[in-house]
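The structure file query-v2.cif is reproduced below (mmCIF, C-alpha atoms).
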```cif
data_entry
loop_
_atom_site.label_atom_id
_atom_site.label_comp_id
_atom_site.auth_asym_id
_atom_site.auth_seq_id
_atom_site.Cartn_x
_atom_site.Cartn_y
_atom_site.Cartn_z
CA MET A 1 192.92 83.36 96.54
CA ARG A 2 196.24 84.88 95.50
CA LYS A 3 196.57 82.30 92.75
CA PHE A 4 193.04 83.08 91.52
CA VAL A 5 193.79 86.81 91.40
CA SER A 6 196.99 86.13 89.46
CA ILE A 7 195.15 84.11 86.84
CA ALA A 8 192.44 86.76 86.59
CA ALA A 9 195.12 89.40 86.05
CA VAL A 10 196.60 87.35 83.24
CA PHE A 11 193.21 87.13 81.56
CA MET A 12 192.73 90.87 81.94
CA LEU A 13 196.14 91.48 80.38
CA LEU A 14 195.38 89.18 77.47
CA ALA A 15 192.03 90.86 76.92
CA GLY A 16 193.76 94.22 76.85
CA LEU A 17 196.29 93.00 74.30
CA VAL A 18 193.51 91.63 72.08
CA THR A 19 191.69 94.96 72.27
CA LEU A 20 194.87 96.84 71.37
CA ALA A 21 195.67 94.50 68.50
CA THR A 22 192.14 94.81 67.17
CA SER A 23 192.28 98.60 67.26
CA CYS A 24 195.49 98.54 65.17
CA THR A 25 194.25 96.08 62.58
CA VAL A 26 193.77 97.51 59.09
CA PRO A 27 190.07 97.19 58.25
CA SER A 28 188.97 95.01 55.36
CA ARG A 29 188.32 96.62 51.96
CA GLY A 30 184.62 96.64 52.68
CA GLY A 31 185.30 98.75 55.75
CA GLY A 32 187.65 101.20 54.02
CA GLY A 33 191.12 99.71 54.32
CA GLY A 34 192.96 102.35 52.32
CA GLY A 35 193.94 104.28 55.41
CA GLY A 36 193.63 107.61 53.63
CA VAL A 37 196.56 106.88 51.30
CA LEU A 38 196.54 109.12 48.22
CA ILE A 39 196.08 107.44 44.83
CA GLY A 40 196.55 109.48 41.65
CA VAL A 41 194.22 108.68 38.75
CA ALA A 42 195.12 110.28 35.42
CA MET A 43 192.50 110.03 32.66
CA PRO A 44 192.98 111.28 29.10
CA THR A 45 189.84 113.32 28.39
CA LYS A 46 186.27 114.08 29.31
CA SER A 47 185.28 114.39 25.66
CA LEU A 48 184.58 110.66 25.36
CA GLN A 49 181.84 109.22 27.56
CA ARG A 50 183.77 106.09 28.45
CA TRP A 51 186.59 107.98 30.21
CA ASN A 52 184.07 109.85 32.36
CA GLN A 53 182.65 106.49 33.41
CA ASP A 54 186.11 105.01 34.00
CA GLY A 55 187.14 107.93 36.18
CA GLU A 56 183.88 107.90 38.12
CA HIS A 57 184.05 104.16 38.80
CA MET A 58 187.72 104.32 39.79
CA LYS A 59 187.16 107.20 42.20
CA LYS A 60 184.05 105.65 43.74
CA GLN A 61 185.61 102.24 44.32
CA LEU A 62 188.94 103.57 45.60
CA GLU A 63 187.18 105.90 48.04
CA ALA A 64 184.94 103.05 49.18
CA ALA A 65 188.14 101.13 49.95
CA GLY A 66 189.36 103.98 52.14
CA TYR A 67 191.77 105.76 49.78
CA LYS A 68 192.01 109.44 48.95
CA VAL A 69 191.80 110.03 45.20
CA ASP A 70 193.25 112.75 43.00
CA LEU A 71 191.34 112.28 39.72
CA GLN A 72 192.48 114.43 36.80
CA TYR A 73 191.49 114.69 33.13
CA ALA A 74 194.00 116.09 30.65
CA GLU A 75 191.66 116.87 27.73
CA ASP A 76 193.92 115.06 25.25
CA SER A 77 196.91 117.28 26.03
CA VAL A 78 200.09 115.29 26.71
CA GLU A 79 201.71 118.29 28.38
CA THR A 80 198.72 118.69 30.68
CA GLN A 81 198.78 115.01 31.63
CA VAL A 82 202.50 115.14 32.43
CA SER A 83 201.93 118.22 34.59
CA GLN A 84 199.03 116.53 36.40
CA ILE A 85 201.13 113.46 37.15
CA GLU A 86 203.96 115.68 38.41
CA ASN A 87 201.49 117.30 40.80
CA MET A 88 200.29 113.89 42.00
CA ILE A 89 203.90 112.95 42.77
CA THR A 90 204.41 116.22 44.67
CA LYS A 91 201.21 115.64 46.69
CA GLY A 92 202.56 112.28 47.87
CA ALA A 93 200.57 109.78 45.85
CA LYS A 94 201.66 106.20 46.59
CA VAL A 95 200.23 104.67 43.41
CA LEU A 96 199.54 106.23 40.02
CA VAL A 97 196.79 104.79 37.83
CA ILE A 98 197.33 106.21 34.35
CA ALA A 99 195.26 105.99 31.18
CA SER A 100 197.83 107.64 28.93
CA ILE A 101 197.12 109.97 26.04
CA ASP A 102 200.37 109.10 24.29
CA GLY A 103 201.81 105.83 25.50
CA GLU A 104 205.33 106.93 24.53
CA ALA A 105 205.36 110.33 26.24
CA LEU A 106 205.59 109.57 29.97
CA LYS A 107 209.13 108.27 30.32
CA GLY A 108 210.52 111.32 32.13
CA VAL A 109 207.72 111.83 34.63
CA LEU A 110 207.62 108.11 35.46
CA GLU A 111 211.35 108.22 36.22
CA ASP A 112 210.48 110.90 38.78
CA ALA A 113 207.76 108.65 40.21
CA ALA A 114 210.17 105.72 40.49
CA LYS A 115 212.65 107.84 42.46
CA GLU A 116 209.90 108.40 45.01
CA GLY A 117 209.04 104.70 45.17
CA ILE A 118 205.63 105.25 43.56
CA LYS A 119 204.05 102.27 41.83
CA VAL A 120 202.46 102.73 38.40
CA ILE A 121 199.48 100.88 36.97
CA ALA A 122 198.75 101.48 33.28
CA TYR A 123 194.98 101.66 32.90
CA ASP A 124 193.50 100.29 29.66
CA ARG A 125 196.29 101.84 27.58
CA LEU A 126 199.78 100.41 27.71
CA ILE A 127 202.52 102.87 28.70
CA ARG A 128 205.45 102.28 26.40
CA GLY A 129 209.18 102.94 26.33
CA THR A 130 209.84 102.81 30.07
CA GLU A 131 210.70 100.24 32.72
CA HIS A 132 208.81 102.27 35.30
CA VAL A 133 205.37 100.78 34.73
CA ASP A 134 204.63 97.99 37.16
CA TYR A 135 201.31 96.55 36.01
CA TYR A 136 198.73 96.88 33.27
CA ALA A 137 194.98 96.43 33.66
CA THR A 138 192.82 96.30 30.56
CA PHE A 139 190.30 94.32 28.61
CA ASP A 140 191.52 91.72 26.14
CA ASN A 141 191.91 94.14 23.24
CA TYR A 142 192.66 91.47 20.67
CA LYS A 143 189.43 89.75 21.67
CA VAL A 144 187.55 93.05 21.31
CA GLY A 145 188.58 93.16 17.66
CA ALA A 146 187.92 89.46 17.19
CA LEU A 147 184.36 89.91 18.47
CA GLN A 148 183.85 92.73 15.97
CA GLY A 149 185.25 90.79 13.03
CA LYS A 150 183.35 87.64 13.93
CA TYR A 151 180.12 89.62 14.19
CA ILE A 152 180.52 90.83 10.61
CA VAL A 153 181.34 87.32 9.40
CA GLU A 154 178.26 85.84 11.04
CA ALA A 155 175.90 88.70 10.15
CA LEU A 156 176.77 88.30 6.47
CA GLY A 157 176.53 84.51 6.68
CA LEU A 158 180.11 84.04 5.53
CA ASP A 159 180.63 81.31 8.10
CA LYS A 160 177.62 79.51 6.60
CA GLY A 161 178.97 79.58 3.05
CA GLU A 162 177.71 82.89 1.68
CA LYS A 163 180.06 83.95 -1.11
CA GLY A 164 178.98 87.56 -1.60
CA PRO A 165 180.87 89.45 -2.70
CA PHE A 166 180.10 91.96 0.02
CA THR A 167 181.70 95.39 0.23
CA LEU A 168 183.69 96.24 3.36
CA GLU A 169 185.70 99.18 4.66
CA VAL A 170 187.97 99.18 7.71
CA PHE A 171 188.72 101.87 10.28
CA GLY A 172 191.49 101.92 12.87
CA GLY A 173 191.88 103.64 16.23
CA SER A 174 194.34 106.35 17.19
CA PRO A 175 197.89 105.58 16.00
CA ASP A 176 199.39 106.68 19.33
CA ASP A 177 197.25 104.18 21.29
CA ASN A 178 198.77 100.72 21.59
CA ASN A 179 195.29 99.21 21.97
CA ALA A 180 194.34 100.28 18.47
CA TYR A 181 196.76 97.77 16.96
CA PHE A 182 195.54 94.86 19.07
CA VAL A 183 191.90 95.64 18.23
CA ASN A 184 192.72 95.91 14.53
CA ASP A 185 194.66 92.65 14.56
CA GLY A 186 191.77 90.84 16.21
CA GLY A 187 189.23 92.10 13.70
CA MET A 188 191.36 91.57 10.62
CA ASP A 189 192.33 88.04 11.64
CA GLN A 190 188.63 87.16 11.52
CA LEU A 191 187.99 88.93 8.21
CA ARG A 192 191.19 88.19 6.31
CA PRO A 193 190.23 84.70 5.02
CA TYR A 194 187.10 86.15 3.42
CA ILE A 195 188.99 89.11 2.00
CA GLU A 196 191.49 86.73 0.47
CA SER A 197 188.74 84.51 -0.96
CA GLY A 198 186.98 87.49 -2.52
CA ALA A 199 183.82 87.15 -0.43
CA LEU A 200 184.66 90.53 1.12
CA VAL A 201 185.85 93.35 -1.13
CA ILE A 202 187.53 96.50 0.20
CA LYS A 203 187.05 98.83 -2.75
CA SER A 204 189.39 101.49 -1.36
CA GLY A 205 192.13 98.92 -0.82
CA GLN A 206 192.95 100.70 2.45
CA VAL A 207 193.87 98.27 5.22
CA ASP A 208 197.14 99.51 6.73
CA MET A 209 196.93 101.43 10.00
CA GLU A 210 198.70 104.37 8.35
CA GLN A 211 195.71 104.63 6.00
CA ILE A 212 192.80 103.80 8.29
CA ALA A 213 193.80 105.21 11.71
CA ILE A 214 191.69 108.01 13.20
CA LYS A 215 193.71 110.35 15.40
CA ALA A 216 192.46 110.51 19.01
CA TRP A 217 189.53 108.25 18.05
CA LYS A 218 187.67 111.40 17.00
CA SER A 219 184.18 111.22 15.48
CA GLU A 220 184.98 114.16 13.23
CA GLY A 221 187.97 112.37 11.70
CA ALA A 222 185.92 109.23 11.12
CA GLN A 223 183.10 111.20 9.51
CA ALA A 224 185.50 112.97 7.16
CA ARG A 225 187.14 109.72 6.10
CA MET A 226 183.79 108.00 5.60
CA ASP A 227 182.58 110.94 3.50
CA ASN A 228 185.63 110.53 1.27
CA LEU A 229 185.17 106.77 0.95
CA LEU A 230 181.49 107.07 0.01
CA THR A 231 182.22 109.75 -2.58
CA ALA A 232 185.19 107.97 -4.14
CA TYR A 233 184.03 104.35 -4.11
CA TYR A 234 180.33 104.00 -3.33
CA SER A 235 178.51 106.53 -5.49
CA ASP A 236 176.83 103.71 -7.45
CA GLU A 237 176.95 100.85 -4.94
CA ASN A 238 175.99 100.40 -1.30
CA ILE A 239 178.52 99.51 1.33
CA ASP A 240 177.64 96.29 3.19
CA ALA A 241 179.87 96.29 6.27
CA ILE A 242 182.22 98.59 8.18
CA LEU A 243 184.73 97.47 10.79
CA SER A 244 184.82 100.32 13.30
CA PRO A 245 187.05 99.82 16.35
CA ASN A 246 185.04 101.93 18.82
CA ASP A 247 181.87 103.94 19.34
CA SER A 248 183.23 107.45 18.83
CA ILE A 249 184.47 106.41 15.39
CA ALA A 250 181.19 104.60 14.72
CA ALA A 251 179.30 107.79 15.60
CA GLY A 252 181.18 109.70 12.92
CA ILE A 253 180.48 106.91 10.44
CA VAL A 254 176.76 106.95 11.24
CA ALA A 255 176.64 110.71 10.67
CA SER A 256 178.31 110.28 7.28
CA LEU A 257 175.99 107.43 6.28
CA LYS A 258 172.90 109.42 7.21
CA ALA A 259 174.11 112.39 5.19
CA ALA A 260 174.57 110.06 2.21
CA GLY A 261 170.99 108.79 2.45
CA TYR A 262 171.51 105.50 4.26
CA GLY A 263 168.60 104.27 6.34
CA SER A 264 166.06 103.81 3.56
CA PRO A 265 164.75 100.50 2.15
CA ASP A 266 166.95 100.75 -0.95
CA LYS A 267 169.92 102.00 1.06
CA PRO A 268 169.94 100.12 4.38
CA PHE A 269 172.54 100.79 7.01
CA PRO A 270 175.57 98.53 6.66
CA ILE A 271 176.70 96.21 9.41
CA LEU A 272 178.68 98.49 11.71
CA THR A 273 180.73 97.54 14.75
CA GLY A 274 181.83 99.53 17.77
CA GLN A 275 183.22 99.36 21.30
CA ASP A 276 182.34 100.88 24.70
CA CYS A 277 178.51 100.90 24.57
CA ASP A 278 178.33 104.70 24.82
CA ILE A 279 174.78 105.92 25.41
CA THR A 280 174.55 107.55 21.97
CA ASN A 281 175.67 104.34 20.31
CA VAL A 282 173.32 102.13 22.30
CA LYS A 283 170.56 104.35 20.93
CA TYR A 284 171.99 103.62 17.48
CA LEU A 285 171.75 99.90 18.25
CA ILE A 286 168.11 100.27 19.22
CA ALA A 287 167.38 102.32 16.07
CA GLY A 288 169.18 99.86 13.78
CA GLU A 289 171.86 102.35 12.75
CA GLN A 290 174.74 100.46 14.40
CA SER A 291 174.86 96.69 14.63
CA MET A 292 176.90 95.96 17.74
CA SER A 293 179.20 97.43 20.32
CA VAL A 294 181.69 95.55 22.47
CA PHE A 295 180.76 96.03 26.12
CA LYS A 296 183.62 96.57 28.53
CA ASP A 297 182.14 96.93 31.99
CA THR A 298 184.34 99.62 33.51
CA ARG A 299 183.09 98.66 36.98
CA THR A 300 184.88 95.33 36.54
CA LEU A 301 188.09 96.97 35.40
CA ALA A 302 187.97 99.49 38.25
CA SER A 303 187.48 96.65 40.74
CA LYS A 304 190.55 94.85 39.40
CA VAL A 305 192.64 98.02 39.68
CA VAL A 306 191.49 98.63 43.25
CA GLY A 307 192.55 95.05 44.00
CA MET A 308 195.96 95.80 42.49
CA VAL A 309 196.29 98.94 44.61
CA ASP A 310 195.33 97.01 47.74
CA ALA A 311 197.92 94.34 47.02
CA LEU A 312 200.65 96.93 46.44
CA MET A 313 199.79 98.71 49.69
CA LYS A 314 199.97 95.40 51.56
CA GLY A 315 203.27 94.46 49.93
CA THR A 316 201.80 91.47 48.10
CA GLU A 317 201.63 90.59 44.41
CA PRO A 318 198.56 91.83 42.52
CA GLU A 319 196.45 89.30 40.63
CA ILE A 320 197.55 89.01 37.01
CA ASN A 321 196.60 86.61 34.22
CA ASP A 322 198.97 87.54 31.40
CA THR A 323 202.77 87.69 31.48
CA THR A 324 203.58 87.38 27.77
CA THR A 325 201.44 89.68 25.60
CA TYR A 326 202.16 93.29 26.48
CA ASP A 327 205.72 94.24 25.55
CA ASN A 328 206.16 97.99 25.99
CA GLY A 329 209.49 98.04 24.16
CA VAL A 330 211.51 97.79 27.38
CA LYS A 331 209.80 95.02 29.33
CA ILE A 332 206.86 92.66 29.34
CA VAL A 333 204.35 94.37 31.62
CA PRO A 334 202.48 91.95 33.92
CA SER A 335 198.80 92.37 33.06
CA TYR A 336 195.27 91.54 34.04
CA LEU A 337 192.93 91.14 31.06
CA CYS A 338 189.19 91.40 31.64
CA GLU A 339 186.79 89.62 29.28
CA PRO A 340 184.73 91.73 26.85
CA VAL A 341 181.33 90.74 25.42
CA PHE A 342 179.23 92.29 22.68
CA ALA A 343 175.89 94.07 22.93
CA ASN A 344 173.34 94.39 20.14
CA ALA A 345 169.65 95.17 19.82
CA SER A 346 168.75 91.71 21.11
CA ASN A 347 170.72 91.62 24.36
CA TYR A 348 171.47 95.21 25.39
CA LYS A 349 168.74 95.26 28.05
CA GLU A 350 170.19 92.27 29.85
CA LEU A 351 173.78 93.51 29.63
CA LEU A 352 173.31 97.21 30.23
CA ILE A 353 170.05 97.84 32.04
CA ASP A 354 169.46 94.71 34.12
CA SER A 355 173.08 94.91 35.33
CA GLY A 356 172.57 98.49 36.49
CA TYR A 357 175.16 99.94 34.13
CA TYR A 358 172.55 102.30 32.66
CA LYS A 359 169.03 103.28 33.59
CA GLU A 360 166.41 102.62 30.94
CA GLU A 361 165.47 106.31 30.70
CA GLN A 362 169.06 107.13 29.70
CA LEU A 363 168.57 105.19 26.48
CA LYS A 364 165.37 106.94 25.38
#
```
Let me see the structure of the file written as structure tokens.
Amino acid sequence: MRKFVSIAAVFMLLAGLVTLATSCTVPSRGGGGGGGVLIGVAMPTKSLQRWNQDGEHMKKQLEAAGYKVDLQYAEDSVETQVSQIENMITKGAKVLVIASIDGEALKGVLEDAAKEGIKVIAYDRLIRGTEHVDYYATFDNYKVGALQGKYIVEALGLDKGEKGPFTLEVFGGSPDDNNAYFVNDGGMDQLRPYIESGALVIKSGQVDMEQIAIKAWKSEGAQARMDNLLTAYYSDENIDAILSPNDSIAAGIVASLKAAGYGSPDKPFPILTGQDCDITNVKYLIAGEQSMSVFKDTRTLASKVVGMVDALMKGTEPEINDTTTYDNGVKIVPSYLCEPVFANASNYKELLIDSGYYKEEQLK
């Protein structure tokens, strides 16, 4: 009997140890494994729809994983963003997820973060000029531009032998945003052979980023530039295609085109590209005023960033798929590139509504 009791005691002890171990185990992500750790999320502005969506998806997914989230918008003020990041450091954030306003302006505050052992993930905009950025999560920005350029090529039938000549003008994103250059390179690499052959004619001759860039991706800046182009070069000829890098710029272009009388049978809207699938611009797609917009599902990007945060908190290496492309001037930043796709009037329902990204009533 004594032997039996001894064995039973051993089993009871083992059961107790299992119970204790189970109670100390960090729950899985689905059960909220963040342990209440504070994550700072710095977004550039609320003035563009996409950043509201990015911030919302980041906060929702991080909180679902058990993290506390300090989400801040800087309204396109570099000084405000620096101050917000300083406050996140003071509050004890363990990871900073930063969509920078000016990719060159965060060197000092990120040195402060590094002294505290805080990891930094650049979100959709590369942070430049500092070693203190650990990872970068974005969409393949070169591919975004390539999708836009290819769309113009195929819509005009250039890939099928159409010789034109067709008129084209080119817009660029904000000159302080590293992404703008990748997007422009992708688009121009698709269009350049047809520009060189004469099938595409840029009457303004403006192709350099110094000439075509729109500060802060502002619709107002794009509208003003488009007004000038139409007045100077297209008073007696329609424009056939416009390479716009994103939807806020496309919105300004649409406003300019409408004011100039485009949208009639003798003055049809040109082929016009975009990026982000903002609600206003999806309505343009439906109305035939914009031709396409590159869809970057911010839920996917947020999920990848949450995965990076989880890995950092567990002391493991985050998933990356690019170790060569993104040189910030000091180091190659290990990156994860998500795949973009394009939406147009033919497929927007499948991409945007059926996937739950938007509700159908939002697009009416």
Please write the residues picked by the PyMOL selection byres ((chain A and resi 74) around 8) on this file as a compact mmCIF listing (two decimals) with C-alpha atoms, in the frame of the given file.
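Result saved to out04.txt:
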```txt
# COMPACT_ATOMS: atom_id res chain seq x y z
CA ALA A 42 195.12 110.28 35.42
CA MET A 43 192.50 110.03 32.66
CA PRO A 44 192.98 111.28 29.10
CA THR A 45 189.84 113.32 28.39
CA GLN A 72 192.48 114.43 36.80
CA TYR A 73 191.49 114.69 33.13
CA GLU A 75 191.66 116.87 27.73
CA ASP A 76 193.92 115.06 25.25
CA SER A 77 196.91 117.28 26.03
CA VAL A 78 200.09 115.29 26.71
CA THR A 80 198.72 118.69 30.68
CA GLN A 81 198.78 115.01 31.63
CA GLN A 84 199.03 116.53 36.40
```
When you look at Lys143 of chain A with a cut-off of 8 Å (counting only C-alpha atoms), what residues show up, excluding the ones that are within fewer than 2 positions of it in the same chain? I need them as number ranges by chain. A: 140-141, 145-147, 183, 186, 340
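Proximity of A:His132, A:Lys91, A:Lys68, A:Lys59 to Lys331 of chain A, computed with only C-alpha atoms, is greatest for A:His132.
A straight line drawn from atom CA of Val82 of chain A to atom CA of Pro334 of chain A is 23.2 Å long.
Using only C-alpha atoms, the nearest neighbour of Ile127 of chain A within the list A:Gly252, A:Gly261, A:Gly103, A:Gly149 is A:Gly103.
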Apply the PyMOL selection byres ((chain A and resi 159-165) around 12) to the file shown and report the selected residues as an MDAnalysis selection string. chainID A and resid 149:158 166:168 190:191 193:203 239:241
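Using only C-alpha atoms, the smallest distance between any of A:Ala287, A:Gln206, A:Leu257, A:Tyr135 and Asp322 of chain A comes from A:Tyr135.
Among the candidates A:Gly66, A:Leu71, A:Thr90, A:Gly288, the one nearest to Asn52 of chain A when counting all atoms listed in the file is A:Leu71.
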Atom CA of Ile249 of chain A sits from atom CA of Leu48 of chain A at a separation of 10.8 Å
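Going from atom CA of Ser235 of chain A to atom CA of Pro175 of chain A covers 29.0 Å.
For the set A:Asn178, A:Asn328, A:Ser100, A:Asn246, the residue with the smallest atom-to-atom gap to Phe295 of chain A is A:Asn246, counting only C-alpha atoms.
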What's around Met209 of chain A at 10 Å? Count all atoms listed in the file, leave out sequence neighbours fewer than 3 positions away in its own chain, and write the answer as a list in words. Val170, Phe171, Gly172, Gly173, Ser174, Pro175, Ala180, Tyr181, Asn184, Gln206, Ile212, Ala213 and Ile214 of chain A
Restricting the calculation to all atoms listed in the file: of A:Asp227, A:Asp124, A:Glu131, A:Asp185, which residue gets closest to Leu106 of chain A? A:Glu131
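Run against this file, the PyMOL selection byres ((chain A and resi 136) around 7) gives back Ile121, Ala122, Tyr123, Leu126, Tyr135, Ala137, Thr138, Val333, Pro334, Ser335 and Tyr336 of chain A.
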Please return the centre and edge lengths, in Å to one decimal, of a box with edges along x, y and z that contains all listed atoms of segment 116-123 of chain A, widened by 5 Å on every side, as JSON.
```
{"center_x": 202.4, "center_y": 104.6, "center_z": 39.0, "size_x": 24.9, "size_y": 17.5, "size_z": 22.3}
```
